[in-house]
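Okay, structure first, notes after.
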Amino acid sequence: MESFKWLWENLSGYRKRYVLCLVLSVIMPFFMLVNPTLQRQLVDKVLVGGDRDLLIPLLLIMAGITLSRSLLNYLSVVLVESASLGVMYNLRTRVYGHLQKMDLKFFDDNPAGDIMTIISSDIDIVRHSLVFVFRQIISGILLFVCASVYYFVMNWKFAICMIALTPLIFVVSMIYRTKVKTIYKELRQRLSKLNTVAQENIEGNRVVKAFAREEYEIEKFNLRSSAFRDQNLHAQYIWLKYFPLIEGLSQSMTITTLLFGGIFMINGALTPGEFIAFNSLSWAVTMPFQMLGQLFNDLQRFIASASKIMDLLKIEPGIKNEPSADAQSRVKDIKTPGDIEFRNVSFSFSDVKVLHDISFHIKPGETYAIMGETGSGKTLIVNLISRFYDAQEGAVLVDGIDVRQWDLTELRRGIGMTTQEVFLFSDTVDSNIAYGDLSLSEEEVRHFAEVSAAHFIDDLSHGYQTIIGERGVGLSGGQKQRIALARALAIRPRILILDDTTSAVDMETERYIQNQLDQLEFECTKIIIAQRISAVRKADCILLLEDGRIVERGSHEQLLAQRGRYYELWRIQTGVDEDDKQLMNEMGVSF
Amino acid sequence: MATPQRNRYDIDETLHSPFSFKHLRRSFIYIRKHIKKMTKAFVASAVASILALCVPQLVQRALDVSVPNKDIGELVLLAGLAAILIITTILLSRLRARTLTEVGQDIIFEIRNDLFTHMQKLPFTYYDDRPHGKILVRVVQYVNSVANMLSNGIIDFILEIVNLIFIIVFMLITNVKLTLVVLAGLPILFFVLFTIKPAQRRAWQRVSNKNSNLNAYAAESINGMRITQIFTRENKNAEIFDRLAREYRSAHFKAGLISNLVQPTVDNISQIIFSFLYLVGVLWSYPMVSLGVIFAMGNYSWRFWQPINRLSQIYNQFLNTIAYLERIFETMDEPVMIEDAPDAYELPGINGQVVFENVTFGYTEGENVLENLSFKVEPGMSVALVGPTGAGKTTIVNLLSRFYDLKDGRILIDGHDISKVTLDSLRRQMGIMLQDSFIFSGTIAENIRYGRLDATLEEMEAASAVVHLNEFIDKFPERYDREIKERGGRLSQGQKQLLAFARTIISDPKILILDEATSSIDTKTELYVQKGINHLLAGRTSFIIAHRLSTIRNCDCIMFIKNGGITECGTHEELMEKKGDYFRMYTSQLMEL
């Protein structure tokens, strides 16, 4: 029931159209009743009665009725198409808009294939339900009621004989309904899994080829594909079990007509015209029941899909604006733009503590670097600054204001960030760089690309207008990183976060980028996450992370002097041996 | 020079082939396998159809004979007969439905299988050149859409035709003149159908295009949501999606307007025919034909136009489906750029000698990335490829795994030309670690075993120990059965690389290719990994692309790649002596430290 209420809410804007269409669906059966009546007149008066003058007027009226019926029918199709497509559009944009608000945890938990099933398939099923299912249910019920009334008015005794068995059909159908309830939910689930396995294969196509795992993939896919097929068959088998009973009961009316109709006529209780009218209308009583099974199947399918969409829309984003967050006033309040402070921040994923009591304070314009082992929590720290997660303990302050008090959009607008795993969109290079600021001119895009050492763009087949593949495929790791850097710089952020941004570029390019970053034309606080000493040595302060704790902090020189972990890293990375020392001495580098 | 651009979410993929029944004929390849079952279903249906037609005959008999004779006994007999006919019809329909569902499901299973199998052979470029959402929608949604048409649609089509023939025969038996009246409506209908057909086809193609665009954009949005949020582009993206959704809505609406013309046409023609029937029957023939005959003909005329009505619906569905079918077959026809030569042989167990002979290669027609490249690497040697980004290092290793074919020259492994051996035997002996370490959803074990399906737990443990991943794995109570989310979910980039590394190691390759394999791994872990792979490298040829000095200088041979060729080649010491590109790079890096 909930799904129907929900559907009604989503019909907003199209309700009038849909209701009008339903009204038409209600009127239509009456139209269908008119012609058989006229046909009865035709038989009784023209054929039997021999009144040929009535023939042509009657036929003209019948033709006129058919014409207006089909015009109304077309009108109702237009109405229902526009209403159902409107609902589809509403739902799609709602779901899409909702997804934009979801936090990272949501996307960790929900496979993309599952979300795609909602957008591509579930919403379409809702549309289909509006076009066919509900209309048919309503017109079916009305058709049955009207035909029955008509029967009763014409000849109630005969009508009782005709309709006597219908309650039985209803009972059988209800039993069937309970059997088939879960089937479609499962079918929906299997479709989603099929989607997921196909999607992963497409995205991982390079790995599949690298390991020559094509056959394994085909096997994996076929497993899902056949599970989907089997469930489809299963649903059909259950339906076929009930089909003979439902179909038999509804067809039994033909026999009733023949037997009782014949007897009634012999007894003179029924005229041949009435008999023909009954007979030609028997479909109006039978059809709603014959469609019952299919309608139940479609209804279950609708409920399964609608509940998936509803569930999705019900999920509240874990990260959202506090009621007190007010963008306008905050921006005016800022006294220290670009200031970042962590106060005793601790963070856990489910029950595993990932950050322990992190505190540091970056003043506007400073450059901080974070180093540490894989999985030590470096990326998490910067994710807390942009408030992709909320810390369980302590506070993160940006510009002197707790991030939870910020308007999310305002907060993030001031932060330019590159991610470790570079994600580029399958769009032109130009649009990718201007992703965060659409107003950028071509010259500005070029400028930021040059700051990011992305000179290679000019050599691409269509220069800045080259469309790059999804996720940036076709570009080398270093090229992707540089475009991502340009994208982050292009919004002229107060805070620039570079997460492993130069790991795949060569050292010369890295040095060039560093020099460029030192002379940006806008004031900006920088946080650099990197593994290479070369990338962090110039920072005002380097934080060394181990298992979610800051174990060393200080400038390059201070840390080297400490002869601790950082020094160890430096020694390993340079791999400095006697020859190198000599070489460096020759070059005048003090050691 | 204009190289074709990649496809984007807002660009319709135009289909160049004109409409042809070739696609339909092609689907018969799938149908043919089930011809036995189809025949069974067909016979059942045909019989059911005949039996169903007998029922009005019984009613007519009752009306014309039993009632005037007041013969209740005969009425009961007729009713009993009708009951038997109806029950038999139902059982036959059930048989048909069952058989056809099975056939239909099998057919789409097979189409999907063929499509997917073909996709596995397609080159990178196919996947690189269009949004992934557009490919996905073909495999799942489009195949589902054609299911009904290829199973029920085609069968219904034949059955309705047969049904029609039977009805015509019955009508002819009843009254020839009146039958001709009923048939007179057909030419009008055909005229209407063929007039709107081209517009209808175009309209449905547009729907499929818009659907594909929308899906592509949605799929990419989901994957790139984090970037969108970082750059607070939510509103702009919602705008774009809104536009795509609107485009879809209007395309679908227009297609609906055209398609829905068919039904009223059929309705009106059938009504006109019915009128004619009575006019002819009453004005010209009555009382030569009995009341029962006119009644029966009226009934038949209704029964005649019903299949026509259904046929026109099938026809509509057919035009709709063909838009999808065309896309599916188009993908199946997508050329397989890299495939086994006709006389390809299994590459025997190799030692790992690699020779490039005058290799020339470019991704596009006009420009070459590598020009006349030649080198020789002896078995067991480790080779570092260094040089500026975009110089062609990744290209070299891609060519070695034959991800692309050469424009000119040869690549030999142990003297075997790699274009002459089977792809499978070639790639199975190579371990390739890509820049993008794609992790599948599933358990850690499944991901490591991707390298070798029959690897034991001990072997997995050994491999993870080499890459220093064992501590991480041991943190989870489920250890190797720990579920990993899509694309590695919450793993850090470094952990993903290590996992991908373990996956490569376990495949026990003779030639190992590491393309920036450790760029995101921290120094200490890398040191462990280095130690681990050092003994692993013994006896294996390896190609390493890296920027880190420590990784590079330990290699047996360092090649400096620049401008599509090797400018320097030798050991670290030799190249330092030379004081060329490598020296410059190395010292400049030392300066940095």
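Residues in the structure tokens are named by chain (A, B, ... in the order shown) and by number from 1 within that chain; ligands are numbered from 1 in the order shown.
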List every residue of range 338-583 of chain B that DSSP, applied to the backbone of this structure, assigns to strand (DSSP E or B), and report them as a ChimeraX atom specification.
/B:345,354-361,370-377,382-386,408-413,416-417,421,430-433,442-443,483-484,511-515,541-545,557-562,565-570
Skipping near chain neighbours, those fewer than 5 positions away, what residues fall within 8 Å of range 217-234 of chain A using only C-alpha atoms, listed as a PDB file with C-alpha atoms, in the first residue's frame?
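Produced file out-v3.pdb, reproduced below:
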ATOM      1  CA  ILE A 183       9.709 -14.233  -6.433  1.00  0.00           C
ATOM      2  CA  GLU A 186      14.542 -12.102  -5.907  1.00  0.00           C
ATOM      3  CA  LEU A 187      14.340 -11.570  -9.653  1.00  0.00           C
ATOM      4  CA  ARG A 190      19.468 -11.156  -9.578  1.00  0.00           C
ATOM      5  CA  LEU A 191      19.141  -8.534 -12.262  1.00  0.00           C
ATOM      6  CA  LYS A 193      23.860  -8.773  -9.667  1.00  0.00           C
ATOM      7  CA  LEU A 194      23.988  -9.353 -13.384  1.00  0.00           C
ATOM      8  CA  VAL A 197      29.220  -8.337 -12.763  1.00  0.00           C
ATOM      9  CA  ALA A 198      28.931  -6.913 -16.282  1.00  0.00           C
ATOM     10  CA  ASN A 201      34.048  -6.646 -16.303  1.00  0.00           C
ATOM     11  CA  VAL A 208      41.019  -9.281 -17.542  1.00  0.00           C
TER      12      VAL A 208
ATOM     13  CA  THR B 101       9.304 -19.273 -21.895  1.00  0.00           C
ATOM     14  CA  GLU B 102      12.070 -21.819 -21.757  1.00  0.00           C
ATOM     15  CA  GLN B 105      14.991 -17.433 -21.772  1.00  0.00           C
ATOM     16  CA  ASP B 106      17.500 -19.742 -23.423  1.00  0.00           C
ATOM     17  CA  PHE B 109      20.883 -16.279 -22.368  1.00  0.00           C
ATOM     18  CA  ARG B 112      23.954 -12.388 -23.873  1.00  0.00           C
ATOM     19  CA  ASN B 113      26.612 -15.037 -23.672  1.00  0.00           C
ATOM     20  CA  PHE B 116      29.736 -10.946 -23.577  1.00  0.00           C
ATOM     21  CA  THR B 117      32.153 -13.468 -25.054  1.00  0.00           C
TER      22      THR B 117
END
Rank nothing, just name the residue among B:Ser550, B:Thr89, B:Ser542, B:Ser312 nearest to chain A, using only C-alpha atoms.
B:Ser550
Quick one: residues within 8 Å of Arg6 in chain B, only C-alpha atoms, excluding same-chain residues fewer than 5 positions away - as number ranges by chain?
A: 467-469; B: 128-130
Next, dump the selected residues to file, keeping only C-alpha atoms, as a CSV table (one decimal), in the first residue's frame.
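Contents of the output file part_27.csv:
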chain,number,residue,atom,x,y,z
A,467,ILE,CA,37.7,13.8,-25.3
A,468,ILE,CA,39.4,11.5,-22.8
A,469,GLY,CA,38.2,8.0,-22.0
B,128,ASP,CA,38.4,3.5,-24.0
B,129,ASP,CA,36.4,5.1,-26.8
B,130,ARG,CA,33.0,5.3,-25.2
Could you give me, as CSV, a per-residue list for range 284-335 of chain B showing, wherever an atom lies at most 9 Å from an atom of range 146-161 of chain B, the closest pair of atoms and their distance in Å to one decimal, using only C-alpha atoms and sorting by chain then residue number from low to high?
residue,atom,partner,partner_atom,distance
B:Pro307,CA,B:Glu160,CA,5.5
B:Ile308,CA,B:Glu160,CA,7.7
B:Arg310,CA,B:Glu160,CA,7.7
B:Leu311,CA,B:Phe157,CA,6.3
B:Ile314,CA,B:Gly153,CA,6.1
B:Tyr315,CA,B:Phe157,CA,8.5
B:Gln317,CA,B:Met149,CA,7.0
B:Phe318,CA,B:Met149,CA,6.6
B:Thr321,CA,B:Val146,CA,5.6
B:Ile322,CA,B:Val146,CA,7.9
B:Tyr324,CA,B:Val146,CA,6.9
B:Leu325,CA,B:Val146,CA,6.6
For the selection you just gave me, I'd like the residues written to a file as a compact mmCIF listing (two decimals), in the first residue's frame, keeping C-alpha atoms.
# COMPACT_ATOMS: atom_id res chain seq x y z
CA PRO B 307 -5.12 -11.36 -34.55
CA ILE B 308 -4.59 -8.42 -36.88
CA ARG B 310 -2.23 -8.33 -32.08
CA LEU B 311 -0.06 -8.53 -35.19
CA ILE B 314 3.79 -7.24 -32.40
CA TYR B 315 4.83 -5.15 -35.36
CA GLN B 317 7.11 -4.03 -30.62
CA PHE B 318 9.23 -5.37 -33.43
CA THR B 321 13.03 -3.97 -30.49
CA ILE B 322 14.93 -3.80 -33.72
CA TYR B 324 17.96 -2.51 -29.63
CA LEU B 325 18.78 -5.57 -31.71
Of A:Ser359, A:Gln392, A:Gln199, A:Gln41, the one nearest to Glu220 in chain B when counting only C-alpha atoms is A:Gln199
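CA of Leu406 in chain B to CA of Ser419 in chain B spans 9.1 Å [interatomic distance, one decimal].
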Which of these, A:Leu75, A:Ile550, A:Val207, A:Val26, has the shortest distance to Ser346 in chain A once you count only C-alpha atoms?
A:Ile550
Please provide as a PyMOL selection string all residues within 12 Å of Ala369 in chain A, with the sequence filter that same-chain residues fewer than 5 positions apart are discarded (counting only C-alpha atoms).
chain A and resi 360+362+378-379+381-382+496-500+525-545+550+552-556
Any chance you could export the current selection's C-alpha atoms as a PDB file, in the first residue's frame?
ATOM      1  CA  PHE A 360      47.976  20.148  14.344  1.00  0.00           C
ATOM      2  CA  ILE A 362      48.217  24.987   9.805  1.00  0.00           C
ATOM      3  CA  LYS A 378      46.828  10.064   5.430  1.00  0.00           C
ATOM      4  CA  THR A 379      43.963  10.298   2.993  1.00  0.00           C
ATOM      5  CA  ILE A 381      42.902  13.228   7.408  1.00  0.00           C
ATOM      6  CA  VAL A 382      42.279  15.275   4.291  1.00  0.00           C
ATOM      7  CA  LEU A 496      44.952  23.058  -1.803  1.00  0.00           C
ATOM      8  CA  ILE A 497      45.177  19.363  -0.966  1.00  0.00           C
ATOM      9  CA  LEU A 498      47.415  17.200  -3.091  1.00  0.00           C
ATOM     10  CA  ASP A 499      47.009  13.517  -2.358  1.00  0.00           C
ATOM     11  CA  ASP A 500      49.873  11.653  -3.982  1.00  0.00           C
ATOM     12  CA  THR A 525      47.358  26.845   2.241  1.00  0.00           C
ATOM     13  CA  LYS A 526      48.746  23.566   0.941  1.00  0.00           C
ATOM     14  CA  ILE A 527      48.662  20.036   2.221  1.00  0.00           C
ATOM     15  CA  ILE A 528      50.749  17.535   0.341  1.00  0.00           C
ATOM     16  CA  ILE A 529      50.509  13.812   0.829  1.00  0.00           C
ATOM     17  CA  ALA A 530      53.377  11.954  -0.732  1.00  0.00           C
ATOM     18  CA  GLN A 531      55.738   9.059  -0.385  1.00  0.00           C
ATOM     19  CA  ARG A 532      58.717  10.679  -2.041  1.00  0.00           C
ATOM     20  CA  ILE A 533      60.929  12.871   0.057  1.00  0.00           C
ATOM     21  CA  SER A 534      61.474  15.031  -3.004  1.00  0.00           C
ATOM     22  CA  ALA A 535      57.832  15.984  -2.930  1.00  0.00           C
ATOM     23  CA  VAL A 536      57.702  16.989   0.721  1.00  0.00           C
ATOM     24  CA  ARG A 537      61.108  18.368   1.633  1.00  0.00           C
ATOM     25  CA  LYS A 538      60.207  21.970   1.017  1.00  0.00           C
ATOM     26  CA  ALA A 539      57.154  21.907   3.262  1.00  0.00           C
ATOM     27  CA  ASP A 540      57.014  24.134   6.334  1.00  0.00           C
ATOM     28  CA  CYS A 541      56.197  21.100   8.380  1.00  0.00           C
ATOM     29  CA  ILE A 542      56.116  17.393   7.678  1.00  0.00           C
ATOM     30  CA  LEU A 543      53.838  15.092   9.647  1.00  0.00           C
ATOM     31  CA  LEU A 544      54.889  11.479   9.759  1.00  0.00           C
ATOM     32  CA  LEU A 545      52.011   9.119  10.400  1.00  0.00           C
ATOM     33  CA  ILE A 550      51.582  11.438  14.321  1.00  0.00           C
ATOM     34  CA  GLU A 552      57.272  12.799  13.997  1.00  0.00           C
ATOM     35  CA  ARG A 553      56.743  16.383  12.973  1.00  0.00           C
ATOM     36  CA  GLY A 554      59.000  19.172  11.805  1.00  0.00           C
ATOM     37  CA  SER A 555      60.721  20.579   8.750  1.00  0.00           C
ATOM     38  CA  HIS A 556      62.910  18.458   6.465  1.00  0.00           C
TER      39      HIS A 556
END
Which distance in Å separates CA of Ile123 in chain A and CA of Asp108 in chain A, to one decimal?
22.7 Å
Counting only C-alpha atoms, which of B:Ala463, B:Ile173, B:Val282, B:Leu186 gets nearest to chain A?
B:Val282
Excluding Glu339 in chain B and its own-chain neighbours fewer than 6 positions away, which residues fall within 10 Å of it when counting only C-alpha atoms? Please give them as a list in words.
Lys121, Leu122, Pro123, Arg402, Phe403, Asp405, Ser419, Lys420, Val421, Thr422, Leu423 and Asp424 of chain B
Got a sec: who's within 9 Å of Ala216 in chain B, counting only C-alpha atoms, leaving out chain neighbours fewer than 5 positions off, as a ChimeraX atom specification?
/B:8-10,130-137,211,221
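Note that CA of Gln493 in chain B and CA of Lys393 in chain B are 22.2 Å apart.
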Output as a PyMOL selection string all residues of range 225-460 of chain A that backbone DSSP marks as alpha helix (DSSP H).
chain A and resi 225-266+272-314+327-333+378-385+408-413+429-433+442-451
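Comparing B:Ile506, B:Val359, B:Ala465, B:Val354 by their smallest distance to chain A, the closest is B:Ile506 (using only C-alpha atoms).
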Could you give me, as a PyMOL selection string, the residues within 10 Å of range 294-305 of chain A, counting only C-alpha atoms and dropping anything in the same chain fewer than 2 positions from it?
chain A and resi 1-4+117-118+121-130+132-134+136-137+173-174+176-178+180-189+235-236+239+243+288-292+307-311
Save out the residues we just selected, N, CA and C atoms, as a tab-separated table (two decimals), in the first residue's frame.
chain	number	residue	atom	x	y	z
A	1	MET	N	0.85	-1.20	0.00
A	1	MET	CA	0.00	0.00	0.00
A	1	MET	C	0.88	1.24	0.00
A	2	GLU	N	1.99	1.09	0.74
A	2	GLU	CA	2.92	2.21	0.86
A	2	GLU	C	3.41	2.63	-0.52
A	3	SER	N	3.67	1.64	-1.38
A	3	SER	CA	4.20	1.98	-2.70
A	3	SER	C	3.19	2.77	-3.52
A	4	PHE	N	1.92	2.51	-3.30
A	4	PHE	CA	0.92	3.23	-4.08
A	4	PHE	C	0.80	4.69	-3.63
A	117	THR	N	20.84	-0.24	-11.68
A	117	THR	CA	19.62	-1.00	-11.91
A	117	THR	C	18.40	-0.17	-11.55
A	118	ILE	N	18.54	0.63	-10.51
A	118	ILE	CA	17.42	1.49	-10.12
A	118	ILE	C	17.13	2.51	-11.21
A	121	SER	N	16.36	0.33	-14.73
A	121	SER	CA	15.30	-0.67	-14.81
A	121	SER	C	14.12	-0.41	-13.88
A	122	ASP	N	14.39	-0.15	-12.61
A	122	ASP	CA	13.29	0.00	-11.66
A	122	ASP	C	12.37	1.15	-12.02
A	123	ILE	N	12.96	2.26	-12.38
A	123	ILE	CA	12.14	3.42	-12.70
A	123	ILE	C	11.30	3.15	-13.95
A	124	ASP	N	11.86	2.38	-14.86
A	124	ASP	CA	11.10	2.03	-16.06
A	124	ASP	C	9.92	1.13	-15.72
A	125	ILE	N	10.11	0.28	-14.73
A	125	ILE	CA	9.01	-0.59	-14.32
A	125	ILE	C	7.88	0.23	-13.71
A	126	VAL	N	8.24	1.28	-12.97
A	126	VAL	CA	7.21	2.16	-12.43
A	126	VAL	C	6.43	2.82	-13.57
A	127	ARG	N	7.16	3.26	-14.58
A	127	ARG	CA	6.51	3.87	-15.73
A	127	ARG	C	5.54	2.88	-16.39
A	128	HIS	N	6.06	1.68	-16.61
A	128	HIS	CA	5.25	0.64	-17.22
A	128	HIS	C	3.99	0.39	-16.40
A	129	SER	N	4.13	0.38	-15.08
A	129	SER	CA	2.97	0.13	-14.23
A	129	SER	C	1.92	1.21	-14.41
A	130	LEU	N	2.39	2.45	-14.55
A	130	LEU	CA	1.42	3.54	-14.74
A	130	LEU	C	0.71	3.40	-16.08
A	132	PHE	N	0.34	0.60	-18.04
A	132	PHE	CA	-0.48	-0.59	-18.27
A	132	PHE	C	-1.23	-1.07	-17.03
A	133	VAL	N	-0.46	-1.34	-15.98
A	133	VAL	CA	-1.02	-2.11	-14.88
A	133	VAL	C	-2.21	-1.43	-14.22
A	134	PHE	N	-1.98	-0.20	-13.72
A	134	PHE	CA	-3.06	0.44	-12.95
A	134	PHE	C	-4.26	0.76	-13.83
A	136	GLN	N	-5.19	-0.89	-16.39
A	136	GLN	CA	-5.93	-2.11	-16.69
A	136	GLN	C	-6.71	-2.59	-15.49
A	137	ILE	N	-6.12	-2.44	-14.33
A	137	ILE	CA	-6.85	-2.87	-13.14
A	137	ILE	C	-8.14	-2.07	-13.02
A	173	SER	N	-6.88	-16.50	-7.30
A	173	SER	CA	-5.90	-15.46	-7.61
A	173	SER	C	-5.21	-14.95	-6.35
A	174	MET	N	-5.97	-14.85	-5.27
A	174	MET	CA	-5.37	-14.38	-4.04
A	174	MET	C	-4.34	-15.38	-3.52
A	176	TYR	N	-2.61	-17.35	-5.35
A	176	TYR	CA	-1.46	-17.21	-6.24
A	176	TYR	C	-0.60	-16.01	-5.82
A	177	ARG	N	-1.29	-14.95	-5.46
A	177	ARG	CA	-0.58	-13.73	-5.11
A	177	ARG	C	0.40	-13.95	-3.95
A	178	THR	N	-0.07	-14.73	-2.97
A	178	THR	CA	0.80	-14.95	-1.82
A	178	THR	C	2.03	-15.78	-2.22
A	180	VAL	N	3.58	-15.75	-5.08
A	180	VAL	CA	4.49	-15.14	-6.01
A	180	VAL	C	5.19	-13.91	-5.42
A	181	LYS	N	4.80	-13.58	-4.19
A	181	LYS	CA	5.25	-12.35	-3.56
A	181	LYS	C	6.77	-12.14	-3.60
A	182	THR	N	7.48	-13.13	-3.09
A	182	THR	CA	8.93	-12.95	-2.96
A	182	THR	C	9.68	-13.18	-4.26
A	183	ILE	N	9.03	-13.85	-5.19
A	183	ILE	CA	9.71	-14.23	-6.43
A	183	ILE	C	10.29	-13.02	-7.17
A	184	TYR	N	9.49	-11.97	-7.23
A	184	TYR	CA	9.94	-10.83	-8.03
A	184	TYR	C	10.99	-10.00	-7.32
A	185	LYS	N	10.95	-10.05	-6.02
A	185	LYS	CA	12.01	-9.39	-5.27
A	185	LYS	C	13.35	-10.03	-5.61
A	186	GLU	N	13.33	-11.35	-5.61
A	186	GLU	CA	14.54	-12.10	-5.91
A	186	GLU	C	14.98	-11.86	-7.36
A	187	LEU	N	14.01	-11.81	-8.24
A	187	LEU	CA	14.34	-11.57	-9.65
A	187	LEU	C	15.05	-10.22	-9.80
A	188	ARG	N	14.52	-9.23	-9.10
A	188	ARG	CA	15.10	-7.90	-9.12
A	188	ARG	C	16.54	-7.92	-8.61
A	189	GLN	N	16.74	-8.71	-7.55
A	189	GLN	CA	18.06	-8.84	-6.95
A	189	GLN	C	19.05	-9.44	-7.94
A	235	ALA	N	9.50	-18.03	-11.91
A	235	ALA	CA	8.30	-17.20	-11.81
A	235	ALA	C	7.23	-17.69	-12.78
A	236	GLN	N	7.67	-18.03	-13.98
A	236	GLN	CA	6.72	-18.48	-14.99
A	236	GLN	C	6.10	-19.83	-14.59
A	239	TRP	N	3.38	-19.38	-12.11
A	239	TRP	CA	2.20	-18.84	-12.77
A	239	TRP	C	1.46	-19.94	-13.53
A	243	PHE	N	-2.41	-21.04	-13.71
A	243	PHE	CA	-3.02	-20.60	-14.95
A	243	PHE	C	-4.23	-21.42	-15.38
A	288	PRO	N	-11.24	-9.38	-17.54
A	288	PRO	CA	-10.59	-8.89	-16.32
A	288	PRO	C	-9.99	-10.03	-15.51
A	289	PHE	N	-10.67	-11.17	-15.51
A	289	PHE	CA	-10.15	-12.30	-14.73
A	289	PHE	C	-8.99	-12.98	-15.42
A	290	GLN	N	-9.06	-13.01	-16.74
A	290	GLN	CA	-7.95	-13.63	-17.46
A	290	GLN	C	-6.68	-12.83	-17.30
A	291	MET	N	-6.85	-11.52	-17.13
A	291	MET	CA	-5.67	-10.67	-16.97
A	291	MET	C	-5.15	-10.65	-15.56
A	292	LEU	N	-5.96	-11.18	-14.65
A	292	LEU	CA	-5.64	-11.09	-13.24
A	292	LEU	C	-4.24	-11.59	-12.91
A	307	SER	N	9.89	-0.40	-4.05
A	307	SER	CA	10.48	-0.39	-2.71
A	307	SER	C	11.99	-0.16	-2.80
A	308	LYS	N	12.61	-0.61	-3.91
A	308	LYS	CA	14.04	-0.32	-4.09
A	308	LYS	C	14.27	1.19	-4.21
A	309	ILE	N	13.42	1.83	-5.00
A	309	ILE	CA	13.59	3.28	-5.20
A	309	ILE	C	13.31	4.01	-3.90
A	310	MET	N	12.23	3.59	-3.23
A	310	MET	CA	11.88	4.25	-1.97
A	310	MET	C	13.00	4.11	-0.95
A	311	ASP	N	13.54	2.88	-0.87
A	311	ASP	CA	14.62	2.66	0.10
A	311	ASP	C	15.78	3.60	-0.17
Nearest candidate to chain A (options B:Glu458, B:Asp414, B:Asp408, B:Glu239; using only C-alpha atoms):
B:Glu239
